[in-house]
$ cat final.pdb   # PDB, C-alpha atoms
ATOM      1  CA  MET W   1     -15.402  -8.425   7.466
ATOM      2  CA  LYS W   2     -12.468  -6.117   8.197
ATOM      3  CA  THR W   3      -9.510  -7.970   9.717
ATOM      4  CA  THR W   4      -6.763  -5.335   9.578
ATOM      5  CA  LYS W   5      -6.143  -1.970  11.249
ATOM      6  CA  ILE W   6      -4.964  -0.497   7.944
ATOM      7  CA  GLU W   7      -7.734   1.987   7.269
ATOM      8  CA  TRP W   8      -7.716   1.939   3.479
ATOM      9  CA  THR W   9      -8.205  -1.820   3.104
ATOM     10  CA  ASP W  10     -10.260  -4.699   4.560
ATOM     11  CA  ASN W  11      -7.838  -7.577   4.653
ATOM     12  CA  THR W  12      -4.218  -8.528   4.010
ATOM     13  CA  TRP W  13      -2.805 -11.466   2.092
ATOM     14  CA  ASN W  14       0.821 -12.425   2.614
ATOM     15  CA  PRO W  15       2.042 -15.236   0.359
ATOM     16  CA  ILE W  16       5.446 -13.577   0.870
ATOM     17  CA  THR W  17       7.011 -12.245   4.067
ATOM     18  CA  GLY W  18      10.272 -10.412   4.594
ATOM     19  CA  CYS W  19      11.972  -7.741   2.542
ATOM     20  CA  SER W  20      15.085  -5.544   2.310
ATOM     21  CA  LYS W  21      15.564  -1.802   2.594
ATOM     22  CA  ILE W  22      15.914   0.243  -0.601
ATOM     23  CA  SER W  23      14.944   3.814   0.309
ATOM     24  CA  ALA W  24      14.428   6.275   3.150
ATOM     25  CA  GLY W  25      10.882   5.101   3.819
ATOM     26  CA  CYS W  26      12.236   1.694   4.828
ATOM     27  CA  GLN W  27      14.309   2.977   7.757
ATOM     28  CA  ASN W  28      11.733   2.216  10.473
ATOM     29  CA  CYS W  29       9.807  -0.498   8.625
ATOM     30  CA  TYR W  30       6.659  -1.474  10.532
ATOM     31  CA  ALA W  31       6.589  -4.872   8.802
ATOM     32  CA  GLU W  32      10.088  -5.654  10.028
ATOM     33  CA  ARG W  33       9.173  -4.798  13.623
ATOM     34  CA  MET W  34       6.042  -6.898  13.387
ATOM     35  CA  ALA W  35       7.838  -9.858  11.799
ATOM     36  CA  TYR W  36      10.372 -10.083  14.622
ATOM     37  CA  ARG W  37       7.620  -9.730  17.202
ATOM     38  CA  LEU W  38       5.683 -12.595  15.602
ATOM     39  CA  GLN W  39       8.886 -14.628  15.402
ATOM     40  CA  SER W  40       9.402 -14.166  19.150
ATOM     41  CA  MET W  41       5.820 -15.392  19.634
ATOM     42  CA  ARG W  42       6.879 -18.549  17.750
ATOM     43  CA  GLN W  43       4.471 -18.073  14.877
ATOM     44  CA  THR W  44       5.554 -20.610  12.265
ATOM     45  CA  LYS W  45       5.048 -18.282   9.332
ATOM     46  CA  TYR W  46       7.675 -15.925  10.764
ATOM     47  CA  LYS W  47      10.287 -18.454  11.805
ATOM     48  CA  ASN W  48      12.680 -16.752   9.354
ATOM     49  CA  GLY W  49      12.081 -13.351  10.903
ATOM     50  CA  PHE W  50      12.229 -10.705   8.195
ATOM     51  CA  ASN W  51      14.215 -12.764   5.699
ATOM     52  CA  LEU W  52      12.431 -12.987   2.370
ATOM     53  CA  THR W  53      10.279 -16.130   2.451
ATOM     54  CA  LEU W  54       7.790 -17.537  -0.075
ATOM     55  CA  HIS W  55       4.700 -19.200   1.421
ATOM     56  CA  TYR W  56       3.266 -21.554  -1.170
ATOM     57  CA  ASP W  57       0.725 -22.769   1.375
ATOM     58  CA  ALA W  58      -0.756 -19.249   1.609
ATOM     59  CA  LEU W  59      -1.319 -18.793  -2.113
ATOM     60  CA  LYS W  60      -4.878 -20.116  -2.110
ATOM     61  CA  GLU W  61      -6.142 -18.183   0.917
ATOM     62  CA  PRO W  62      -8.325 -15.718  -1.057
ATOM     63  CA  LEU W  63     -10.160 -18.606  -2.708
ATOM     64  CA  GLY W  64     -11.802 -19.290   0.658
ATOM     65  CA  TRP W  65     -12.991 -15.714   1.221
ATOM     66  CA  LYS W  66     -16.482 -15.854  -0.231
ATOM     67  CA  SER W  67     -17.632 -12.264   0.304
ATOM     68  CA  PRO W  68     -15.862  -9.468  -1.627
ATOM     69  CA  HIS W  69     -12.836  -7.944   0.100
ATOM     70  CA  SER W  70     -10.375  -5.141  -0.495
ATOM     71  CA  ILE W  71      -7.079  -6.997  -0.076
ATOM     72  CA  PHE W  72      -3.667  -5.424   0.487
ATOM     73  CA  VAL W  73      -1.255  -7.879  -1.135
ATOM     74  CA  CYS W  74       2.080  -8.452   0.635
ATOM     75  CA  SER W  75       1.638  -6.003   3.492
ATOM     76  CA  MET W  76       4.640  -7.781   5.056
ATOM     77  CA  SER W  77       6.813  -7.717   1.951
ATOM     78  CA  ASP W  78       6.963  -6.320  -1.590
ATOM     79  CA  LEU W  79       5.586  -8.452  -4.419
ATOM     80  CA  PHE W  80       8.084  -6.951  -6.861
ATOM     81  CA  HIS W  81      11.226  -7.463  -4.794
ATOM     82  CA  LYS W  82      14.101  -8.448  -7.095
ATOM     83  CA  ASP W  83      14.593 -11.824  -5.386
ATOM     84  CA  ILE W  84      11.027 -13.041  -5.877
ATOM     85  CA  PRO W  85      10.903 -15.384  -8.894
ATOM     86  CA  THR W  86       8.704 -14.191 -11.726
ATOM     87  CA  ASN W  87       6.885 -17.519 -11.769
ATOM     88  CA  PHE W  88       5.838 -16.960  -8.151
ATOM     89  CA  VAL W  89       4.453 -13.522  -9.032
ATOM     90  CA  ASP W  90       2.600 -15.296 -11.858
ATOM     91  CA  GLN W  91       1.026 -17.672  -9.327
ATOM     92  CA  VAL W  92      -0.118 -14.735  -7.198
ATOM     93  CA  MET W  93      -1.663 -13.124 -10.265
ATOM     94  CA  GLU W  94      -3.407 -16.369 -11.196
ATOM     95  CA  ILE W  95      -5.181 -16.453  -7.819
ATOM     96  CA  ILE W  96      -6.187 -12.823  -8.362
ATOM     97  CA  LYS W  97      -7.696 -13.727 -11.733
ATOM     98  CA  GLN W  98      -9.584 -16.634 -10.178
ATOM     99  CA  THR W  99     -11.229 -14.364  -7.599
ATOM    100  CA  PRO W 100     -12.740 -11.391  -9.461
ATOM    101  CA  ARG W 101     -15.076 -10.734  -6.502
ATOM    102  CA  HIS W 102     -12.111  -9.274  -4.594
ATOM    103  CA  ARG W 103     -10.169  -6.064  -5.317
ATOM    104  CA  TYR W 104      -6.421  -6.420  -4.803
ATOM    105  CA  GLN W 105      -4.231  -3.486  -3.809
ATOM    106  CA  LEU W 106      -0.589  -3.937  -4.843
ATOM    107  CA  LEU W 107       1.758  -1.349  -3.336
ATOM    108  CA  THR W 108       5.462  -1.353  -4.157
ATOM    109  CA  LYS W 109       8.669   0.629  -3.878
ATOM    110  CA  ARG W 110      10.011  -1.336  -6.875
ATOM    111  CA  ALA W 111       8.034   0.531  -9.514
ATOM    112  CA  ASP W 112      10.525  -0.300 -12.260
ATOM    113  CA  ARG W 113      10.102  -4.049 -11.821
ATOM    114  CA  MET W 114       6.328  -3.706 -11.575
ATOM    115  CA  ALA W 115       6.239  -1.809 -14.867
ATOM    116  CA  ASP W 116       8.542  -4.363 -16.481
ATOM    117  CA  TYR W 117       6.403  -7.260 -15.226
ATOM    118  CA  PHE W 118       3.224  -5.823 -16.745
ATOM    119  CA  LYS W 119       4.940  -4.781 -19.976
ATOM    120  CA  ASP W 120       3.737  -7.940 -21.704
ATOM    121  CA  ARG W 121       0.951  -9.011 -19.339
ATOM    122  CA  ASP W 122      -2.618  -7.774 -18.923
ATOM    123  CA  ILE W 123      -3.490  -6.208 -15.575
ATOM    124  CA  PRO W 124      -6.657  -7.818 -14.159
ATOM    125  CA  ARG W 125      -9.549  -5.379 -13.711
ATOM    126  CA  ASN W 126      -9.691  -6.162  -9.996
ATOM    127  CA  VAL W 127      -6.124  -4.989  -9.395
ATOM    128  CA  TRP W 128      -5.219  -1.557  -8.049
ATOM    129  CA  LEU W 129      -1.557  -0.640  -8.521
ATOM    130  CA  GLY W 130       0.291   1.739  -6.225
ATOM    131  CA  VAL W 131       3.756   3.055  -5.422
ATOM    132  CA  THR W 132       5.204   4.544  -2.250
ATOM    133  CA  VAL W 133       6.401   8.153  -2.564
ATOM    134  CA  GLU W 134       7.945   9.163   0.742
ATOM    135  CA  ASN W 135      10.317  11.886  -0.464
ATOM    136  CA  CYS W 136      11.350  13.764  -3.591
ATOM    137  CA  SER W 137      13.812  11.130  -4.750
ATOM    138  CA  ALA W 138      10.942   8.609  -4.893
ATOM    139  CA  LYS W 139       8.746  10.770  -7.167
ATOM    140  CA  SER W 140      10.142   9.017 -10.253
ATOM    141  CA  ARG W 141       8.134   5.941  -9.214
ATOM    142  CA  ILE W 142       4.974   7.798 -10.226
ATOM    143  CA  ASP W 143       6.179   7.948 -13.828
ATOM    144  CA  PHE W 144       6.391   4.151 -13.989
ATOM    145  CA  LEU W 145       2.926   3.838 -12.462
ATOM    146  CA  ARG W 146       1.048   6.327 -14.619
ATOM    147  CA  THR W 147       1.803   4.362 -17.800
ATOM    148  CA  LEU W 148       0.167   1.160 -16.526
ATOM    149  CA  ASP W 149      -3.395   0.343 -17.574
ATOM    150  CA  ALA W 150      -4.752  -0.443 -14.112
ATOM    151  CA  THR W 151      -8.336   0.166 -13.005
ATOM    152  CA  ILE W 152      -7.004   2.280 -10.116
ATOM    153  CA  ARG W 153      -3.529   3.810  -9.833
ATOM    154  CA  PHE W 154      -2.547   5.189  -6.440
ATOM    155  CA  ILE W 155       0.386   6.619  -4.533
ATOM    156  CA  SER W 156       1.067   6.231  -0.827
ATOM    157  CA  CYS W 157       2.992   9.138   0.710
ATOM    158  CA  GLU W 158       3.555   7.261   3.963
ATOM    159  CA  PRO W 159       5.710   7.882   5.781
ATOM    160  CA  LEU W 160       5.814  11.397   4.337
ATOM    161  CA  LEU W 161       9.357  12.553   5.097
ATOM    162  CA  GLU W 162       9.635  15.904   3.361
ATOM    163  CA  ASP W 163       7.863  18.491   1.237
ATOM    164  CA  LEU W 164       7.271  16.805  -2.124
ATOM    165  CA  GLY W 165       6.880  20.075  -3.985
ATOM    166  CA  ALA W 166       5.035  19.986  -7.294
ATOM    167  CA  LEU W 167       3.493  16.617  -8.157
ATOM    168  CA  ASN W 168       2.402  15.371 -11.551
ATOM    169  CA  LEU W 169      -0.724  13.399 -10.687
ATOM    170  CA  THR W 170      -1.798  12.741 -14.258
ATOM    171  CA  ASN W 171      -3.528   9.321 -14.393
ATOM    172  CA  ILE W 172      -3.314   8.963 -10.592
ATOM    173  CA  ASP W 173      -6.693   8.146  -9.063
ATOM    174  CA  TRP W 174      -5.942   8.089  -5.359
ATOM    175  CA  VAL W 175      -3.410   9.681  -3.005
ATOM    176  CA  ILE W 176      -2.819   8.353   0.518
ATOM    177  CA  VAL W 177      -0.832  10.464   2.996
ATOM    178  CA  GLY W 178       0.339   9.534   6.478
ATOM    179  CA  GLY W 179       2.953  10.261   9.093
ATOM    180  CA  GLU W 180       5.313   7.680  10.518
ATOM    181  CA  SER W 181       4.366   5.872  13.724
ATOM    182  CA  GLY W 182       6.469   3.927  16.198
ATOM    183  CA  PRO W 183       9.057   4.944  18.804
ATOM    184  CA  ASN W 184      11.461   6.353  16.200
ATOM    185  CA  GLY W 185       8.845   7.923  13.973
ATOM    186  CA  ARG W 186      10.109  10.927  12.009
ATOM    187  CA  GLN W 187       8.226  14.222  11.911
ATOM    188  CA  MET W 188       5.746  15.103   9.194
ATOM    189  CA  ARG W 189       4.837  18.774   8.903
ATOM    190  CA  LYS W 190       1.342  20.064   8.303
ATOM    191  CA  GLU W 191       2.386  22.270   5.394
ATOM    192  CA  TRP W 192       3.695  19.215   3.520
ATOM    193  CA  VAL W 193       0.303  17.519   3.867
ATOM    194  CA  LEU W 194      -1.632  20.605   2.800
ATOM    195  CA  SER W 195       0.603  21.032  -0.242
ATOM    196  CA  ILE W 196      -0.267  17.522  -1.446
ATOM    197  CA  GLN W 197      -3.946  17.950  -0.652
ATOM    198  CA  LYS W 198      -4.135  21.129  -2.741
ATOM    199  CA  GLN W 199      -2.750  19.248  -5.743
ATOM    200  CA  THR W 200      -5.264  16.373  -5.657
ATOM    201  CA  ALA W 201      -8.170  18.035  -7.459
ATOM    202  CA  GLY W 202      -8.411  15.094  -9.864
ATOM    203  CA  SER W 203      -7.577  12.372  -7.345
ATOM    204  CA  ALA W 204      -9.251  11.053  -4.210
ATOM    205  CA  PHE W 205      -7.351  12.227  -1.110
ATOM    206  CA  PHE W 206      -7.024   9.904   1.902
ATOM    207  CA  PHE W 207      -5.296  11.180   5.030
ATOM    208  CA  LYS W 208      -4.468   8.169   7.182
ATOM    209  CA  GLN W 209      -2.835   9.601  10.304
ATOM    210  CA  TRP W 210      -0.430  12.113  11.815
ATOM    211  CA  GLY W 211       1.610   9.326  13.387
ATOM    212  CA  THR W 212       4.038   9.762  16.260
ATOM    213  CA  TRP W 213       4.166  13.552  15.830
ATOM    214  CA  GLY W 214       0.979  15.617  15.866
ATOM    215  CA  ASP W 215       0.191  18.564  13.606
ATOM    216  CA  ASP W 216       1.385  20.715  16.508
ATOM    217  CA  GLN W 217       4.808  18.998  16.321
ATOM    218  CA  ILE W 218       4.336  17.364  19.727
ATOM    219  CA  LYS W 219       5.354  13.723  20.124
ATOM    220  CA  ARG W 220       2.663  11.494  21.585
ATOM    221  CA  ASP W 221       0.686   8.306  20.957
ATOM    222  CA  LYS W 222      -0.457   8.114  17.318
ATOM    223  CA  TYR W 223      -4.051   7.508  18.396
ATOM    224  CA  ARG W 224      -4.054  10.754  20.354
ATOM    225  CA  ASN W 225      -2.636  12.602  17.380
ATOM    226  CA  GLY W 226      -5.445  11.192  15.261
ATOM    227  CA  LYS W 227      -6.254  11.789  11.608
ATOM    228  CA  LEU W 228      -7.933  15.180  11.392
ATOM    229  CA  ILE W 229      -6.742  18.092   9.289
ATOM    230  CA  ASN W 230      -8.082  21.319  10.770
ATOM    231  CA  GLY W 231     -10.759  19.285  12.541
ATOM    232  CA  ILE W 232     -11.913  17.357   9.453
ATOM    233  CA  ALA W 233     -11.262  13.746   8.386
ATOM    234  CA  TYR W 234     -10.349  13.387   4.715
ATOM    235  CA  GLN W 235     -10.545   9.716   3.762
ATOM    236  CA  ALA W 236     -11.874   9.586   0.217
ATOM    237  CA  MET W 237     -11.756   6.425  -1.849
ATOM    238  CA  PRO W 238     -11.554   6.335  -5.656
ATOM    239  CA  GLN W 239     -14.930   6.755  -7.355
ATOM    240  CA  ASP W 240     -14.543   3.429  -9.146
ATOM    241  CA  TYR W 241     -14.392   1.696  -5.743
ATOM    242  CA  VAL W 242     -18.204   1.594  -5.766
ATOM    243  CA  ASN W 243     -18.795   1.242  -9.491
ATOM    244  CA  LEU W 244     -16.365  -1.620  -9.981
ATOM    245  CA  PHE W 245     -18.170  -3.967  -7.646
ATOM    246  CA  THR W 246     -21.743  -3.230  -8.606
ATOM    247  CA  GLU W 247     -21.283  -4.716 -12.059
ATOM    248  CA  ASN W 248     -22.875  -8.166 -12.109
ATOM    249  CA  SER W 249     -20.394  -9.342 -14.699
ATOM    250  CA  PHE W 250     -17.578  -8.900 -12.211
ATOM    251  CA  TYR W 251     -18.703 -11.715  -9.929
ATOM    252  CA  GLU W 252     -17.875 -15.377 -10.339
TER     253      GLU W 252
END
$ encode --input "final.pdb" --output "C-alpha cells"
Amino acid sequence: MKTTKIEWTDNTWNPITGCSKISAGCQNCYAERMAYRLQSMRQTKYKNGFNLTLHYDALKEPLGWKSPHSIFVCSMSDLFHKDIPTNFVDQVMEIIKQTPRHRYQLLTKRADRMADYFKDRDIPRNVWLGVTVENCSAKSRIDFLRTLDATIRFISCEPLLEDLGALNLTNIDWVIVGGESGPNGRQMRKEWVLSIQKQTAGSAFFFKQWGTWGDDQIKRDKYRNGKLINGIAYQAMPQDYVNLFTENSFYE
C-alpha cells in the first residue's frame, strides 16, 4: 500500500529526522518546511524541529510491514550526515538485512561518506543507492556512486537548478529529474531536462514534475504544471525492479 506522495517510492522510513544544508539543492528544503509544520502541530517526533534527531523507537518499523515495499530511507534527513554515528547507520542496515522482502532506496548528498561506509561492508541486495545531482558542482557525487556494488545505482536531479552538460552515466541504472516546488521554487528549463533525457540511453529515465514553474516558464501550482514532457509522461523504473522481487530466494 502506497503511503507517500513521492512518486518513485511506496513508503518512507525515518529513523532519523533533521539535517543541515551543504549545497545549493538544500536552499528550499522541503523536509525542513515539513518538519517545522509538524512541530507546530505538536507531533512528538518533530519536537526538535529540523535539528538532527535519532529515533531509536522507529528502527524496527519495517519489521511490521509484511507485504513488500519500496522504502525511501530518511526522506526527512540524510543517513550519511557527518553527525550520525556509524553504529546507528549499522543498526539501520541490520534492519534492512532482516527484511529482504523490501527494497530500500538510500539517497544522499554525502556521497563521500556513503562510499567510505561501504568500503569495507557488503551492500545488501535489497538496497538501491542514489545521490542528488542538482547542479554541475554536484556531479562529482556520481563518481563516488558508480564504484559501489549496489543492485541499483541512481541519481536524483531534483531540484534541477542548471544545465548539467555532459554526464557520465556509466554504471548508473536510473535517473530521476524534477523541478523545485514550493513558494520559492527556482526555475527549471525544458532544455536542461531534454539534455539529460537524451543522455539516458542506458538508464531508466523518470521525470517527476515541473514544479512551481511550468515548461512554459509560467509560475503556478505544481499540480497544474504536471509531469508531461511534450505531452508524454516518462516515469520508467529500473528493469531489475521487477526481476529482483520475483526471485523466491529473496523472500524471508
$ resolve_selection --input "final.pdb" --expression "the PyMOL selection byres ((chain W and resi 59-76) around 10)" --output "PyMOL selection string"
chain W and resi 1-2+4+6+8-19+29-32+34-35+50+52+54-58+77-80+88+91-96+98-108+126-128+241+245+251
$ write_last_selection --input "final.pdb" --atoms "C-alpha atoms" --output "PDB file, keeping the file's coordinate frame"
ATOM      1  CA  MET W   1     -15.402  -8.425   7.466  1.00  0.00           C
ATOM      2  CA  LYS W   2     -12.468  -6.117   8.197  1.00  0.00           C
ATOM      3  CA  THR W   4      -6.763  -5.335   9.578  1.00  0.00           C
ATOM      4  CA  ILE W   6      -4.964  -0.497   7.944  1.00  0.00           C
ATOM      5  CA  TRP W   8      -7.716   1.939   3.479  1.00  0.00           C
ATOM      6  CA  THR W   9      -8.205  -1.820   3.104  1.00  0.00           C
ATOM      7  CA  ASP W  10     -10.260  -4.699   4.560  1.00  0.00           C
ATOM      8  CA  ASN W  11      -7.838  -7.577   4.653  1.00  0.00           C
ATOM      9  CA  THR W  12      -4.218  -8.528   4.010  1.00  0.00           C
ATOM     10  CA  TRP W  13      -2.805 -11.466   2.092  1.00  0.00           C
ATOM     11  CA  ASN W  14       0.821 -12.425   2.614  1.00  0.00           C
ATOM     12  CA  PRO W  15       2.042 -15.236   0.359  1.00  0.00           C
ATOM     13  CA  ILE W  16       5.446 -13.577   0.870  1.00  0.00           C
ATOM     14  CA  THR W  17       7.011 -12.245   4.067  1.00  0.00           C
ATOM     15  CA  GLY W  18      10.272 -10.412   4.594  1.00  0.00           C
ATOM     16  CA  CYS W  19      11.972  -7.741   2.542  1.00  0.00           C
ATOM     17  CA  CYS W  29       9.807  -0.498   8.625  1.00  0.00           C
ATOM     18  CA  TYR W  30       6.659  -1.474  10.532  1.00  0.00           C
ATOM     19  CA  ALA W  31       6.589  -4.872   8.802  1.00  0.00           C
ATOM     20  CA  GLU W  32      10.088  -5.654  10.028  1.00  0.00           C
ATOM     21  CA  MET W  34       6.042  -6.898  13.387  1.00  0.00           C
ATOM     22  CA  ALA W  35       7.838  -9.858  11.799  1.00  0.00           C
ATOM     23  CA  PHE W  50      12.229 -10.705   8.195  1.00  0.00           C
ATOM     24  CA  LEU W  52      12.431 -12.987   2.370  1.00  0.00           C
ATOM     25  CA  LEU W  54       7.790 -17.537  -0.075  1.00  0.00           C
ATOM     26  CA  HIS W  55       4.700 -19.200   1.421  1.00  0.00           C
ATOM     27  CA  TYR W  56       3.266 -21.554  -1.170  1.00  0.00           C
ATOM     28  CA  ASP W  57       0.725 -22.769   1.375  1.00  0.00           C
ATOM     29  CA  ALA W  58      -0.756 -19.249   1.609  1.00  0.00           C
ATOM     30  CA  SER W  77       6.813  -7.717   1.951  1.00  0.00           C
ATOM     31  CA  ASP W  78       6.963  -6.320  -1.590  1.00  0.00           C
ATOM     32  CA  LEU W  79       5.586  -8.452  -4.419  1.00  0.00           C
ATOM     33  CA  PHE W  80       8.084  -6.951  -6.861  1.00  0.00           C
ATOM     34  CA  PHE W  88       5.838 -16.960  -8.151  1.00  0.00           C
ATOM     35  CA  GLN W  91       1.026 -17.672  -9.327  1.00  0.00           C
ATOM     36  CA  VAL W  92      -0.118 -14.735  -7.198  1.00  0.00           C
ATOM     37  CA  MET W  93      -1.663 -13.124 -10.265  1.00  0.00           C
ATOM     38  CA  GLU W  94      -3.407 -16.369 -11.196  1.00  0.00           C
ATOM     39  CA  ILE W  95      -5.181 -16.453  -7.819  1.00  0.00           C
ATOM     40  CA  ILE W  96      -6.187 -12.823  -8.362  1.00  0.00           C
ATOM     41  CA  GLN W  98      -9.584 -16.634 -10.178  1.00  0.00           C
ATOM     42  CA  THR W  99     -11.229 -14.364  -7.599  1.00  0.00           C
ATOM     43  CA  PRO W 100     -12.740 -11.391  -9.461  1.00  0.00           C
ATOM     44  CA  ARG W 101     -15.076 -10.734  -6.502  1.00  0.00           C
ATOM     45  CA  HIS W 102     -12.111  -9.274  -4.594  1.00  0.00           C
ATOM     46  CA  ARG W 103     -10.169  -6.064  -5.317  1.00  0.00           C
ATOM     47  CA  TYR W 104      -6.421  -6.420  -4.803  1.00  0.00           C
ATOM     48  CA  GLN W 105      -4.231  -3.486  -3.809  1.00  0.00           C
ATOM     49  CA  LEU W 106      -0.589  -3.937  -4.843  1.00  0.00           C
ATOM     50  CA  LEU W 107       1.758  -1.349  -3.336  1.00  0.00           C
ATOM     51  CA  THR W 108       5.462  -1.353  -4.157  1.00  0.00           C
ATOM     52  CA  ASN W 126      -9.691  -6.162  -9.996  1.00  0.00           C
ATOM     53  CA  VAL W 127      -6.124  -4.989  -9.395  1.00  0.00           C
ATOM     54  CA  TRP W 128      -5.219  -1.557  -8.049  1.00  0.00           C
ATOM     55  CA  TYR W 241     -14.392   1.696  -5.743  1.00  0.00           C
ATOM     56  CA  PHE W 245     -18.170  -3.967  -7.646  1.00  0.00           C
ATOM     57  CA  TYR W 251     -18.703 -11.715  -9.929  1.00  0.00           C
TER      58      TYR W 251
END
$ closest_residue --input "final.pdb" --among "W:Val133, W:Met41, W:Ile84, W:Ile123" --to "Gly25 in chain W" --atoms "all atoms listed in the file"
W:Val133
$ resolve_selection --input "final.pdb" --expression "the PyMOL selection byres ((chain W and resi 149) around 10)" --output "number ranges by chain"
W: 118, 122-125, 128-129, 145-148, 150-153, 171
$ residues_around --input "final.pdb" --residues "Phe205 in chain W" --least-positions-apart "2" --cutoff "10 Å" --atoms "all atoms listed in the file" --output "JSON, numbers by chain"
{"W": [173, 174, 175, 176, 177, 196, 197, 198, 199, 200, 201, 202, 203, 207, 208, 234, 235, 236, 237, 238]}
$ atom_distance --input "final.pdb" --atom1 "CA of Thr212 in chain W" --atom2 "CA of Lys190 in chain W"
13.3 Å
$ residues_near_point --input "final.pdb" --point "(9.6, 1.1, 3.4)" --cutoff "9 Å" --atoms "only C-alpha atoms" --output "MDAnalysis selection string"
chainID W and resid 20:31 108:109 132 134 158:159
$ write_last_selection --input "final.pdb" --atoms "C-alpha atoms" --output "compact mmCIF listing (two decimals), keeping the file's coordinate frame"
# COMPACT_ATOMS: atom_id res chain seq x y z
CA SER W 20 15.08 -5.54 2.31
CA LYS W 21 15.56 -1.80 2.59
CA ILE W 22 15.91 0.24 -0.60
CA SER W 23 14.94 3.81 0.31
CA ALA W 24 14.43 6.28 3.15
CA GLY W 25 10.88 5.10 3.82
CA CYS W 26 12.24 1.69 4.83
CA GLN W 27 14.31 2.98 7.76
CA ASN W 28 11.73 2.22 10.47
CA CYS W 29 9.81 -0.50 8.62
CA TYR W 30 6.66 -1.47 10.53
CA ALA W 31 6.59 -4.87 8.80
CA THR W 108 5.46 -1.35 -4.16
CA LYS W 109 8.67 0.63 -3.88
CA THR W 132 5.20 4.54 -2.25
CA GLU W 134 7.94 9.16 0.74
CA GLU W 158 3.56 7.26 3.96
CA PRO W 159 5.71 7.88 5.78
$ residues_around --input "final.pdb" --residues "Gly214 in chain W" --least-positions-apart "5" --cutoff "12 Å" --atoms "all atoms listed in the file" --output "PyMOL selection string"
chain W and resi 178-181+185-190+209+219-230
$ atom_distance --input "final.pdb" --atom1 "CA of Ile155 in chain W" --atom2 "CA of Val131 in chain W"
5.0 Å
